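Structure file target36.cif (mmCIF, C-alpha atoms) is printed below.
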```
data_protein
loop_
_atom_site.label_atom_id
_atom_site.label_comp_id
_atom_site.auth_asym_id
_atom_site.auth_seq_id
_atom_site.Cartn_x
_atom_site.Cartn_y
_atom_site.Cartn_z
CA MET A 1 6.06 -3.53 46.71
CA LYS A 2 4.50 -4.25 50.11
CA ALA A 3 1.12 -2.89 51.11
CA ALA A 4 2.70 -0.66 53.75
CA ASP A 5 5.04 0.88 51.18
CA TRP A 6 2.10 1.80 48.94
CA PHE A 7 0.19 3.19 51.92
CA ASN A 8 3.11 5.48 52.71
CA LYS A 9 2.91 6.99 49.23
CA GLY A 10 -0.65 8.19 49.74
CA ILE A 11 -2.69 10.64 51.77
CA TYR A 12 -6.27 10.79 53.02
CA HIS A 13 -8.81 13.34 51.84
CA SER A 14 -12.21 13.88 53.40
CA VAL A 15 -14.78 13.54 50.62
CA LEU A 16 -18.54 13.68 51.21
CA GLU A 17 -18.08 12.67 54.87
CA HIS A 18 -15.79 9.73 54.07
CA GLN A 19 -12.03 9.25 54.03
CA ALA A 20 -10.63 8.47 50.59
CA PHE A 21 -7.09 7.21 50.17
CA VAL A 22 -5.37 9.08 47.34
CA ILE A 23 -2.12 8.66 45.46
CA ASP A 24 -1.13 12.00 43.91
CA SER A 25 2.22 11.92 42.13
CA SER A 26 2.52 15.71 42.50
CA GLU A 27 1.50 15.91 46.16
CA GLY A 28 3.03 19.07 47.60
CA GLU A 29 4.50 20.14 44.25
CA ILE A 30 3.57 22.78 41.71
CA ASN A 31 4.01 21.72 38.08
CA ASP A 32 2.42 22.21 34.71
CA LYS A 33 2.05 18.56 33.76
CA PRO A 34 -1.34 17.51 32.39
CA VAL A 35 -3.46 15.55 34.86
CA LEU A 36 -4.19 11.84 34.49
CA CYS A 37 -6.98 10.59 36.75
CA ILE A 38 -7.18 6.81 37.09
CA LEU A 39 -10.23 4.77 38.14
CA HIS A 40 -9.17 1.31 39.33
CA GLY A 41 -10.89 -2.06 39.09
CA PHE A 42 -12.54 -4.75 41.23
CA PRO A 43 -11.76 -6.17 43.77
CA THR A 44 -8.39 -4.52 44.04
CA SER A 45 -7.25 -0.90 44.51
CA SER A 46 -4.91 1.85 43.40
CA TYR A 47 -2.13 -0.66 44.15
CA ASP A 48 -2.79 -2.10 40.68
CA TYR A 49 -0.66 0.77 39.37
CA HIS A 50 2.35 0.45 41.66
CA LYS A 51 4.52 -0.92 38.83
CA VAL A 52 3.62 1.82 36.32
CA LEU A 53 3.24 4.93 38.48
CA ASP A 54 6.81 6.13 38.00
CA GLN A 55 6.64 5.82 34.24
CA LEU A 56 3.27 7.57 33.97
CA SER A 57 4.44 10.30 36.35
CA GLN A 58 7.21 11.32 33.99
CA TYR A 59 4.57 12.85 31.75
CA TYR A 60 1.49 13.38 33.93
CA ARG A 61 0.36 14.39 37.35
CA VAL A 62 -1.19 11.03 38.20
CA VAL A 63 -4.12 10.93 40.64
CA ILE A 64 -5.50 7.56 41.75
CA HIS A 65 -7.90 7.05 44.65
CA ASP A 66 -9.31 3.91 46.21
CA HIS A 67 -13.06 3.77 45.67
CA LEU A 68 -15.07 3.51 48.88
CA GLY A 69 -15.10 -0.12 49.99
CA PHE A 70 -11.74 -0.73 48.34
CA GLY A 71 -8.10 -0.50 49.35
CA PHE A 72 -7.26 1.90 52.15
CA SER A 73 -10.39 4.05 51.76
CA ASP A 74 -13.32 3.90 54.17
CA LYS A 75 -15.42 0.74 54.03
CA PRO A 76 -18.70 1.67 55.74
CA ILE A 77 -21.15 -1.13 56.37
CA GLU A 78 -24.20 1.09 55.90
CA TYR A 79 -23.54 2.33 52.38
CA SER A 80 -25.09 1.65 48.99
CA TYR A 81 -21.81 1.11 47.09
CA SER A 82 -23.67 2.33 44.04
CA LEU A 83 -21.55 3.29 41.06
CA ILE A 84 -23.53 6.55 41.05
CA GLU A 85 -22.19 7.43 44.50
CA GLN A 86 -18.69 6.27 43.58
CA THR A 87 -18.87 8.78 40.72
CA ASP A 88 -19.88 11.52 43.17
CA ILE A 89 -16.83 10.68 45.28
CA ALA A 90 -14.46 10.77 42.29
CA LEU A 91 -15.70 14.07 40.88
CA THR A 92 -15.85 15.77 44.28
CA LEU A 93 -12.32 14.61 45.11
CA TRP A 94 -10.91 15.86 41.82
CA ARG A 95 -12.44 19.29 42.28
CA GLN A 96 -11.12 19.43 45.87
CA LEU A 97 -7.67 18.73 44.44
CA GLY A 98 -8.05 21.74 42.15
CA ILE A 99 -8.30 19.69 38.96
CA GLU A 100 -10.06 21.61 36.20
CA ARG A 101 -9.18 19.46 33.18
CA ALA A 102 -7.87 15.92 32.94
CA VAL A 103 -7.34 12.79 30.94
CA ILE A 104 -9.28 9.94 32.55
CA LEU A 105 -8.14 6.31 32.41
CA ALA A 106 -10.40 3.54 33.68
CA HIS A 107 -10.09 -0.22 34.08
CA ASP A 108 -12.66 -2.89 34.97
CA TYR A 109 -15.03 -1.52 37.69
CA GLY A 110 -13.69 1.96 37.00
CA THR A 111 -15.02 1.92 33.43
CA SER A 112 -18.59 2.09 34.75
CA VAL A 113 -17.70 5.06 36.94
CA LEU A 114 -16.26 6.64 33.80
CA THR A 115 -19.39 6.02 31.74
CA GLU A 116 -21.48 7.69 34.46
CA ILE A 117 -19.07 10.65 34.28
CA LEU A 118 -19.59 10.74 30.50
CA ALA A 119 -23.37 10.64 30.95
CA ARG A 120 -23.13 13.74 33.11
CA ASP A 121 -20.63 15.40 30.78
CA ASN A 122 -22.95 14.90 27.81
CA HIS A 123 -25.52 17.03 29.66
CA GLY A 124 -23.02 19.66 30.77
CA TRP A 125 -23.02 18.44 34.38
CA CYS A 126 -19.37 17.38 34.71
CA PRO A 127 -17.36 19.84 36.84
CA ILE A 128 -14.07 19.19 35.00
CA GLU A 129 -13.09 19.30 31.35
CA ILE A 130 -12.39 15.82 30.01
CA VAL A 131 -9.48 16.07 27.57
CA LYS A 132 -9.46 12.42 26.52
CA ILE A 133 -10.38 9.04 27.96
CA THR A 134 -8.56 5.73 27.91
CA LEU A 135 -10.75 2.66 28.31
CA CYS A 136 -8.92 -0.40 29.52
CA ASN A 137 -10.61 -3.76 29.69
CA GLY A 138 -13.85 -3.58 31.64
CA SER A 139 -17.21 -5.29 31.20
CA MET A 140 -19.32 -2.27 30.30
CA HIS A 141 -21.18 -4.52 27.89
CA ILE A 142 -22.21 -6.76 30.76
CA GLU A 143 -24.24 -9.00 28.45
CA MET A 144 -20.96 -10.04 26.79
CA ALA A 145 -18.93 -10.55 29.97
CA LYS A 146 -17.73 -13.99 31.03
CA LEU A 147 -18.04 -13.58 34.79
CA LYS A 148 -16.13 -15.99 37.00
CA LEU A 149 -18.07 -18.26 39.37
CA MET A 150 -16.66 -16.32 42.33
CA GLN A 151 -18.06 -13.06 40.95
CA LYS A 152 -21.48 -14.61 40.44
CA LEU A 153 -21.58 -16.06 43.96
CA LEU A 154 -20.35 -12.90 45.69
CA ARG A 155 -23.05 -10.72 44.18
CA ARG A 156 -25.90 -12.98 45.35
CA LYS A 157 -27.83 -11.33 48.15
CA TYR A 158 -27.81 -14.17 50.69
CA ILE A 159 -24.93 -16.37 49.59
CA GLY A 160 -22.56 -13.48 48.87
CA PRO A 161 -21.79 -12.50 52.50
CA LEU A 162 -21.01 -16.13 53.35
CA ILE A 163 -18.70 -16.48 50.35
CA ALA A 164 -16.96 -13.24 51.33
CA LYS A 165 -16.49 -14.48 54.88
CA LEU A 166 -14.91 -17.72 53.64
CA THR A 167 -12.64 -15.99 51.13
CA ASN A 168 -8.94 -16.16 51.99
CA LYS A 169 -5.59 -15.53 50.34
CA ARG A 170 -5.61 -18.98 48.75
CA THR A 171 -8.99 -18.24 47.14
CA LEU A 172 -7.69 -14.90 45.88
CA ASN A 173 -4.54 -16.53 44.50
CA ARG A 174 -6.54 -19.13 42.58
CA ASN A 175 -8.96 -16.60 41.12
CA LEU A 176 -6.36 -14.00 40.17
CA LYS A 177 -4.06 -16.52 38.52
CA SER A 178 -6.97 -17.83 36.45
CA ILE A 179 -7.23 -14.43 34.73
CA TYR A 180 -3.50 -14.03 34.02
CA VAL A 181 -1.93 -15.46 30.88
CA ASP A 182 1.49 -15.75 32.50
CA GLN A 183 0.77 -16.82 36.07
CA THR A 184 4.42 -16.43 37.07
CA GLN A 185 3.84 -12.66 36.93
CA LEU A 186 1.86 -12.82 40.18
CA PRO A 187 4.66 -13.26 42.74
CA GLU A 188 3.93 -14.16 46.36
CA GLN A 189 4.88 -10.72 47.72
CA GLU A 190 2.48 -9.01 45.34
CA LEU A 191 -0.31 -11.44 46.21
CA ASP A 192 0.35 -10.76 49.91
CA ALA A 193 0.04 -7.02 49.30
CA ILE A 194 -3.19 -7.35 47.31
CA TRP A 195 -4.71 -9.55 49.99
CA ASP A 196 -3.59 -7.26 52.81
CA ILE A 197 -5.16 -4.26 51.06
CA ILE A 198 -8.43 -6.05 50.31
CA SER A 199 -8.60 -7.18 53.94
CA TYR A 200 -7.66 -3.76 55.34
CA ASN A 201 -10.25 -2.28 57.71
CA ASP A 202 -12.41 -5.44 57.63
CA GLY A 203 -12.76 -5.27 53.87
CA LYS A 204 -14.35 -8.72 53.65
CA ASN A 205 -17.38 -7.33 55.48
CA VAL A 206 -18.32 -5.18 52.48
CA LEU A 207 -16.99 -7.37 49.65
CA ALA A 208 -20.39 -8.87 48.86
CA LYS A 209 -22.09 -5.46 48.78
CA VAL A 210 -19.43 -4.04 46.49
CA SER A 211 -19.76 -7.08 44.19
CA ARG A 212 -23.33 -6.22 43.34
CA TYR A 213 -22.19 -3.42 41.03
CA THR A 214 -22.61 -5.75 38.04
CA PHE A 215 -26.39 -5.51 38.46
CA GLU A 216 -26.14 -1.76 37.94
CA ARG A 217 -24.42 -2.41 34.64
CA HIS A 218 -27.67 -4.08 33.55
CA ASN A 219 -29.96 -1.46 35.13
CA PHE A 220 -28.13 1.54 33.68
CA TRP A 221 -27.08 -0.10 30.42
CA HIS A 222 -28.87 2.41 28.18
CA ARG A 223 -27.60 5.40 30.17
CA TRP A 224 -23.96 4.24 30.25
CA ILE A 225 -23.57 2.62 26.83
CA GLY A 226 -25.58 5.51 25.44
CA ALA A 227 -23.11 7.93 27.04
CA LEU A 228 -20.23 6.17 25.27
CA GLN A 229 -22.06 6.32 21.96
CA GLN A 230 -22.95 10.01 22.31
CA THR A 231 -19.75 11.52 23.69
CA ASN A 232 -17.52 13.62 21.46
CA VAL A 233 -14.53 13.07 23.75
CA LYS A 234 -11.62 11.25 22.12
CA ILE A 235 -11.56 7.59 23.23
CA GLU A 236 -8.45 5.42 23.30
CA ILE A 237 -9.21 1.74 23.83
CA VAL A 238 -6.28 -0.27 25.24
CA TRP A 239 -7.36 -3.90 25.59
CA PRO A 240 -5.62 -7.23 26.25
CA ASP A 241 -6.65 -9.76 23.64
CA SER A 242 -6.68 -12.67 26.11
CA ASP A 243 -8.83 -11.27 28.92
CA PRO A 244 -11.13 -14.16 29.90
CA ILE A 245 -13.72 -11.84 31.52
CA ALA A 246 -13.89 -8.64 29.46
CA VAL A 247 -13.48 -10.58 26.24
CA SER A 248 -11.91 -9.14 23.09
CA ALA A 249 -15.27 -8.95 21.28
CA MET A 250 -16.27 -6.28 23.79
CA ALA A 251 -13.43 -4.01 22.64
CA THR A 252 -14.38 -4.28 18.97
CA THR A 253 -18.02 -3.62 19.84
CA ILE A 254 -17.07 -0.43 21.69
CA LEU A 255 -14.87 0.62 18.77
CA ASP A 256 -17.72 0.13 16.30
CA GLU A 257 -20.35 1.96 18.31
CA THR A 258 -18.34 5.04 19.38
CA LYS A 259 -17.12 8.20 17.70
CA ASN A 260 -13.50 9.37 17.75
CA SER A 261 -12.22 6.04 19.06
CA GLU A 262 -9.13 3.96 18.37
CA LEU A 263 -8.29 0.44 19.52
CA PHE A 264 -4.85 -0.80 20.56
CA TRP A 265 -4.42 -4.49 21.37
CA LEU A 266 -2.17 -5.86 24.09
CA GLU A 267 -1.16 -9.30 22.91
CA GLU A 268 -1.18 -12.37 25.13
CA LEU A 269 -2.19 -10.55 28.31
CA GLY A 270 -5.01 -11.18 30.77
CA HIS A 271 -7.31 -9.13 32.95
CA PHE A 272 -4.66 -7.15 34.89
CA PRO A 273 -2.16 -6.16 32.15
CA MET A 274 -0.67 -3.32 34.22
CA LEU A 275 0.47 -5.96 36.72
CA GLU A 276 1.19 -8.81 34.33
CA SER A 277 3.26 -6.79 31.85
CA PRO A 278 3.72 -3.24 33.20
CA ASP A 279 6.19 -2.08 30.53
CA ASN A 280 3.98 -3.17 27.64
CA TRP A 281 0.89 -1.69 29.26
CA SER A 282 2.45 1.67 30.13
CA ASP A 283 4.14 1.98 26.74
CA ALA A 284 0.82 1.40 24.99
CA VAL A 285 -1.10 3.76 27.26
CA LEU A 286 1.44 6.55 26.97
CA LYS A 287 1.65 6.17 23.18
CA GLN A 288 -2.11 6.55 22.91
CA LEU A 289 -2.40 9.32 25.50
CA LYS A 290 0.26 11.51 23.95
CA THR A 291 -1.67 11.67 20.70
CA ASN A 292 -3.54 14.97 20.44
CA VAL A 293 -3.27 15.82 24.15
#
```

As structure tokens - that is how I would like this structure written.
Amino acid sequence: MKAADWFNKGIYHSVLEHQAFVIDSSEGEINDKPVLCILHGFPTSSYDYHKVLDQLSQYYRVVIHDHLGFGFSDKPIEYSYSLIEQTDIALTLWRQLGIERAVILAHDYGTSVLTEILARDNHGWCPIEIVKITLCNGSMHIEMAKLKLMQKLLRRKYIGPLIAKLTNKRTLNRNLKSIYVDQTQLPEQELDAIWDIISYNDGKNVLAKVSRYTFERHNFWHRWIGALQQTNVKIEIVWPDSDPIAVSAMATTILDETKNSELFWLEELGHFPMLESPDNWSDAVLKQLKTNV
């Protein structure tokens, strides 16, 4: 799917004085499907789910927005890009959409937004009822993550903006393929779309700022890992066993330290399993989500 085709599926919502791009599978419809809110990863966008949206939408009203600084959403230069503020955007958007209860699925960057949501929920401060959560591979345990050189350079205060400026489609291709198991599953048209969406609205100008989120994973470690440990919400962990960044040991650690959690492995898949093997990923997610929802 081309970037323009994905753009045409979405709509803008004004959220806390910014424009957020939103994919809502039930836009303009009234139905009684349960709601599935998805929080996407770095450095990509809601486009990560273009191959699985139809399958998920058979059972759920699927709502995916591009975080600020990502995709087709606003990319303001003067903005903190704190995960705390990204959480404010997500929760405000969901309430504006009339969502009162939902299953939440998060991947990569989105898992830290989710843990901040859980921290608020544990104190009774979450404005929606969380039915269940699905954690896909994300480096919440940042001390265990195997960050790529590109990630480390981008987040550096002075070098990062230069690296972002020099980044091009070839750089993206090399870095994305390095975190796939089957590199043939990243076709040229898909790479073009991912690059076009990252670059949209001068996205490279904020890429370095956005990349600094990994420092917050250190700073708020006790708050966010503590939230996972304390929550009583059912947790489904769906994790590729060959992710070179959010390594498999991270999944077993989360399983061991949380209540009401189950782990499902995706075999021989890398960091973006919903793109690399959409049928396997969606089958696993739906199997886990349908349990006790």

Residues of range 58-85 of chain A at most 12 Å from range 90-104 of chain A: nearest atom pair and distance in Å, only C-alpha atoms, as JSON lines:
```
{"residue": "A:Tyr59", "atom": "CA", "partner": "A:Val103", "partner_atom": "CA", "distance": 11.9}
{"residue": "A:Tyr60", "atom": "CA", "partner": "A:Val103", "partner_atom": "CA", "distance": 9.3}
{"residue": "A:Arg61", "atom": "CA", "partner": "A:Ala102", "partner_atom": "CA", "distance": 9.5}
{"residue": "A:Val62", "atom": "CA", "partner": "A:Val103", "partner_atom": "CA", "distance": 9.7}
{"residue": "A:Val63", "atom": "CA", "partner": "A:Trp94", "partner_atom": "CA", "distance": 8.5}
{"residue": "A:Ile64", "atom": "CA", "partner": "A:Ala90", "partner_atom": "CA", "distance": 9.5}
{"residue": "A:His65", "atom": "CA", "partner": "A:Ala90", "partner_atom": "CA", "distance": 7.9}
{"residue": "A:Asp66", "atom": "CA", "partner": "A:Ala90", "partner_atom": "CA", "distance": 9.4}
{"residue": "A:His67", "atom": "CA", "partner": "A:Ala90", "partner_atom": "CA", "distance": 7.9}
{"residue": "A:Leu68", "atom": "CA", "partner": "A:Ala90", "partner_atom": "CA", "distance": 9.8}
{"residue": "A:Leu83", "atom": "CA", "partner": "A:Ala90", "partner_atom": "CA", "distance": 10.4}
{"residue": "A:Ile84", "atom": "CA", "partner": "A:Ala90", "partner_atom": "CA", "distance": 10.1}
{"residue": "A:Glu85", "atom": "CA", "partner": "A:Ala90", "partner_atom": "CA", "distance": 8.7}
```

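For the file shown, the residue list from the PyMOL selection byres ((chain A and resi 108-119) around 6) reads A:Leu39, A:His40, A:Gly41, A:Phe42, A:Leu83, A:Thr87, A:Ala106, A:His107, A:Arg120, A:Asp121, A:Asn122, A:Asn137, A:Gly138, A:Trp224, A:Ala227.
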
query = Need the neighbours of (0.5, 2.4, 30.9): which residues are at most 12 Å away, counting only C-alpha atoms, as number ranges by chain?
reply = A: 36, 38, 48-60, 62, 105-107, 134-136, 238-239, 266, 272-290

File dump, residues just selected, C-alpha atoms, as a compact mmCIF listing (two decimals), in the frame of the given file:
```txt
# COMPACT_ATOMS: atom_id res chain seq x y z
CA LEU A 36 -4.19 11.84 34.49
CA ILE A 38 -7.18 6.81 37.09
CA ASP A 48 -2.79 -2.10 40.68
CA TYR A 49 -0.66 0.77 39.37
CA HIS A 50 2.35 0.45 41.66
CA LYS A 51 4.52 -0.92 38.83
CA VAL A 52 3.62 1.82 36.32
CA LEU A 53 3.24 4.93 38.48
CA ASP A 54 6.81 6.13 38.00
CA GLN A 55 6.64 5.82 34.24
CA LEU A 56 3.27 7.57 33.97
CA SER A 57 4.44 10.30 36.35
CA GLN A 58 7.21 11.32 33.99
CA TYR A 59 4.57 12.85 31.75
CA TYR A 60 1.49 13.38 33.93
CA VAL A 62 -1.19 11.03 38.20
CA LEU A 105 -8.14 6.31 32.41
CA ALA A 106 -10.40 3.54 33.68
CA HIS A 107 -10.09 -0.22 34.08
CA THR A 134 -8.56 5.73 27.91
CA LEU A 135 -10.75 2.66 28.31
CA CYS A 136 -8.92 -0.40 29.52
CA VAL A 238 -6.28 -0.27 25.24
CA TRP A 239 -7.36 -3.90 25.59
CA LEU A 266 -2.17 -5.86 24.09
CA PHE A 272 -4.66 -7.15 34.89
CA PRO A 273 -2.16 -6.16 32.15
CA MET A 274 -0.67 -3.32 34.22
CA LEU A 275 0.47 -5.96 36.72
CA GLU A 276 1.19 -8.81 34.33
CA SER A 277 3.26 -6.79 31.85
CA PRO A 278 3.72 -3.24 33.20
CA ASP A 279 6.19 -2.08 30.53
CA ASN A 280 3.98 -3.17 27.64
CA TRP A 281 0.89 -1.69 29.26
CA SER A 282 2.45 1.67 30.13
CA ASP A 283 4.14 1.98 26.74
CA ALA A 284 0.82 1.40 24.99
CA VAL A 285 -1.10 3.76 27.26
CA LEU A 286 1.44 6.55 26.97
CA LYS A 287 1.65 6.17 23.18
CA GLN A 288 -2.11 6.55 22.91
CA LEU A 289 -2.40 9.32 25.50
CA LYS A 290 0.26 11.51 23.95
```

Practice task
In Å, rounded to a single decimal, give me how far CA of Gly69 in chain A is from CA of Asn168 in chain A.
Solution key: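 Computed distance, CA of Asn168 in chain A to CA of Gly69 in chain A, equals 17.3 Å.
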
On this file, the PyMOL selection byres ((chain A and resi 240-253) around 10) gives some set of residues; write that set as a compact mmCIF listing (two decimals) with C-alpha atoms, in the coordinates of the input.
```txt
# COMPACT_ATOMS: atom_id res chain seq x y z
CA ASP A 108 -12.66 -2.89 34.97
CA LEU A 135 -10.75 2.66 28.31
CA CYS A 136 -8.92 -0.40 29.52
CA ASN A 137 -10.61 -3.76 29.69
CA GLY A 138 -13.85 -3.58 31.64
CA SER A 139 -17.21 -5.29 31.20
CA MET A 140 -19.32 -2.27 30.30
CA HIS A 141 -21.18 -4.52 27.89
CA ILE A 142 -22.21 -6.76 30.76
CA GLU A 143 -24.24 -9.00 28.45
CA MET A 144 -20.96 -10.04 26.79
CA ALA A 145 -18.93 -10.55 29.97
CA LYS A 146 -17.73 -13.99 31.03
CA LEU A 147 -18.04 -13.58 34.79
CA LYS A 148 -16.13 -15.99 37.00
CA SER A 178 -6.97 -17.83 36.45
CA ILE A 179 -7.23 -14.43 34.73
CA TYR A 180 -3.50 -14.03 34.02
CA VAL A 181 -1.93 -15.46 30.88
CA ILE A 237 -9.21 1.74 23.83
CA VAL A 238 -6.28 -0.27 25.24
CA TRP A 239 -7.36 -3.90 25.59
CA ILE A 254 -17.07 -0.43 21.69
CA LEU A 255 -14.87 0.62 18.77
CA ASP A 256 -17.72 0.13 16.30
CA GLU A 257 -20.35 1.96 18.31
CA THR A 258 -18.34 5.04 19.38
CA GLU A 262 -9.13 3.96 18.37
CA LEU A 263 -8.29 0.44 19.52
CA PHE A 264 -4.85 -0.80 20.56
CA TRP A 265 -4.42 -4.49 21.37
CA LEU A 266 -2.17 -5.86 24.09
CA GLU A 267 -1.16 -9.30 22.91
CA GLU A 268 -1.18 -12.37 25.13
CA LEU A 269 -2.19 -10.55 28.31
CA GLY A 270 -5.01 -11.18 30.77
CA HIS A 271 -7.31 -9.13 32.95
CA PHE A 272 -4.66 -7.15 34.89
CA PRO A 273 -2.16 -6.16 32.15
CA TRP A 281 0.89 -1.69 29.26
```

- Item | All residues 12 Å or closer to range 3-9 of chain A, all atoms listed in the file, same chain fewer than 3 positions away omitted, as JSON, numbers by chain | {"A": [12, 21, 22, 23, 24, 25, 26, 27, 44, 45, 46, 47, 48, 49, 50, 51, 53, 54, 63, 64, 65, 66, 71, 72, 73, 189, 190, 191, 192, 193, 194, 195, 196, 197, 198, 199, 200]}

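In terms of minimum interatomic distance to Val210 in chain A, A:Gln86 ranks closest within A:Thr171, A:Gln19, A:Asn31, A:Gln86, counting all atoms listed in the file.
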
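We find CA of Val233 in chain A and CA of Lys132 in chain A to be spaced 5.8 Å apart.
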
CA of Gly124 in chain A to CA of Lys234 in chain A measures 16.6 Å

Requested in this report: Can you pull out every residue within 10 Å of Leu149 in chain A, counting all atoms listed in the file, but drop anything in the same chain fewer than 4 positions away, and send it as a ChimeraX atom specification?
Outcome: /A:153-154,175

| Reference answer for the PyMOL selection byres ((chain A and resi 212) around 12), as a count of residues only | 30

Arg170 in chain A proximity check over A:Glu236, A:Tyr79, A:Glu188, A:Lys33, using only C-alpha atoms: winner is A:Glu188

Using only C-alpha atoms, the residue out of A:Pro34, A:Pro127, A:His13, A:Asn205 with shortest distance to Leu162 in chain A is A:Asn205

Could you check the closest approach to Met1 in chain A for each of A:Gln229, A:Asn201, A:His222, A:Pro187 and tell me which residue wins, using all atoms listed in the file?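 Smallest distance to Met1 in chain A is found for A:Pro187.
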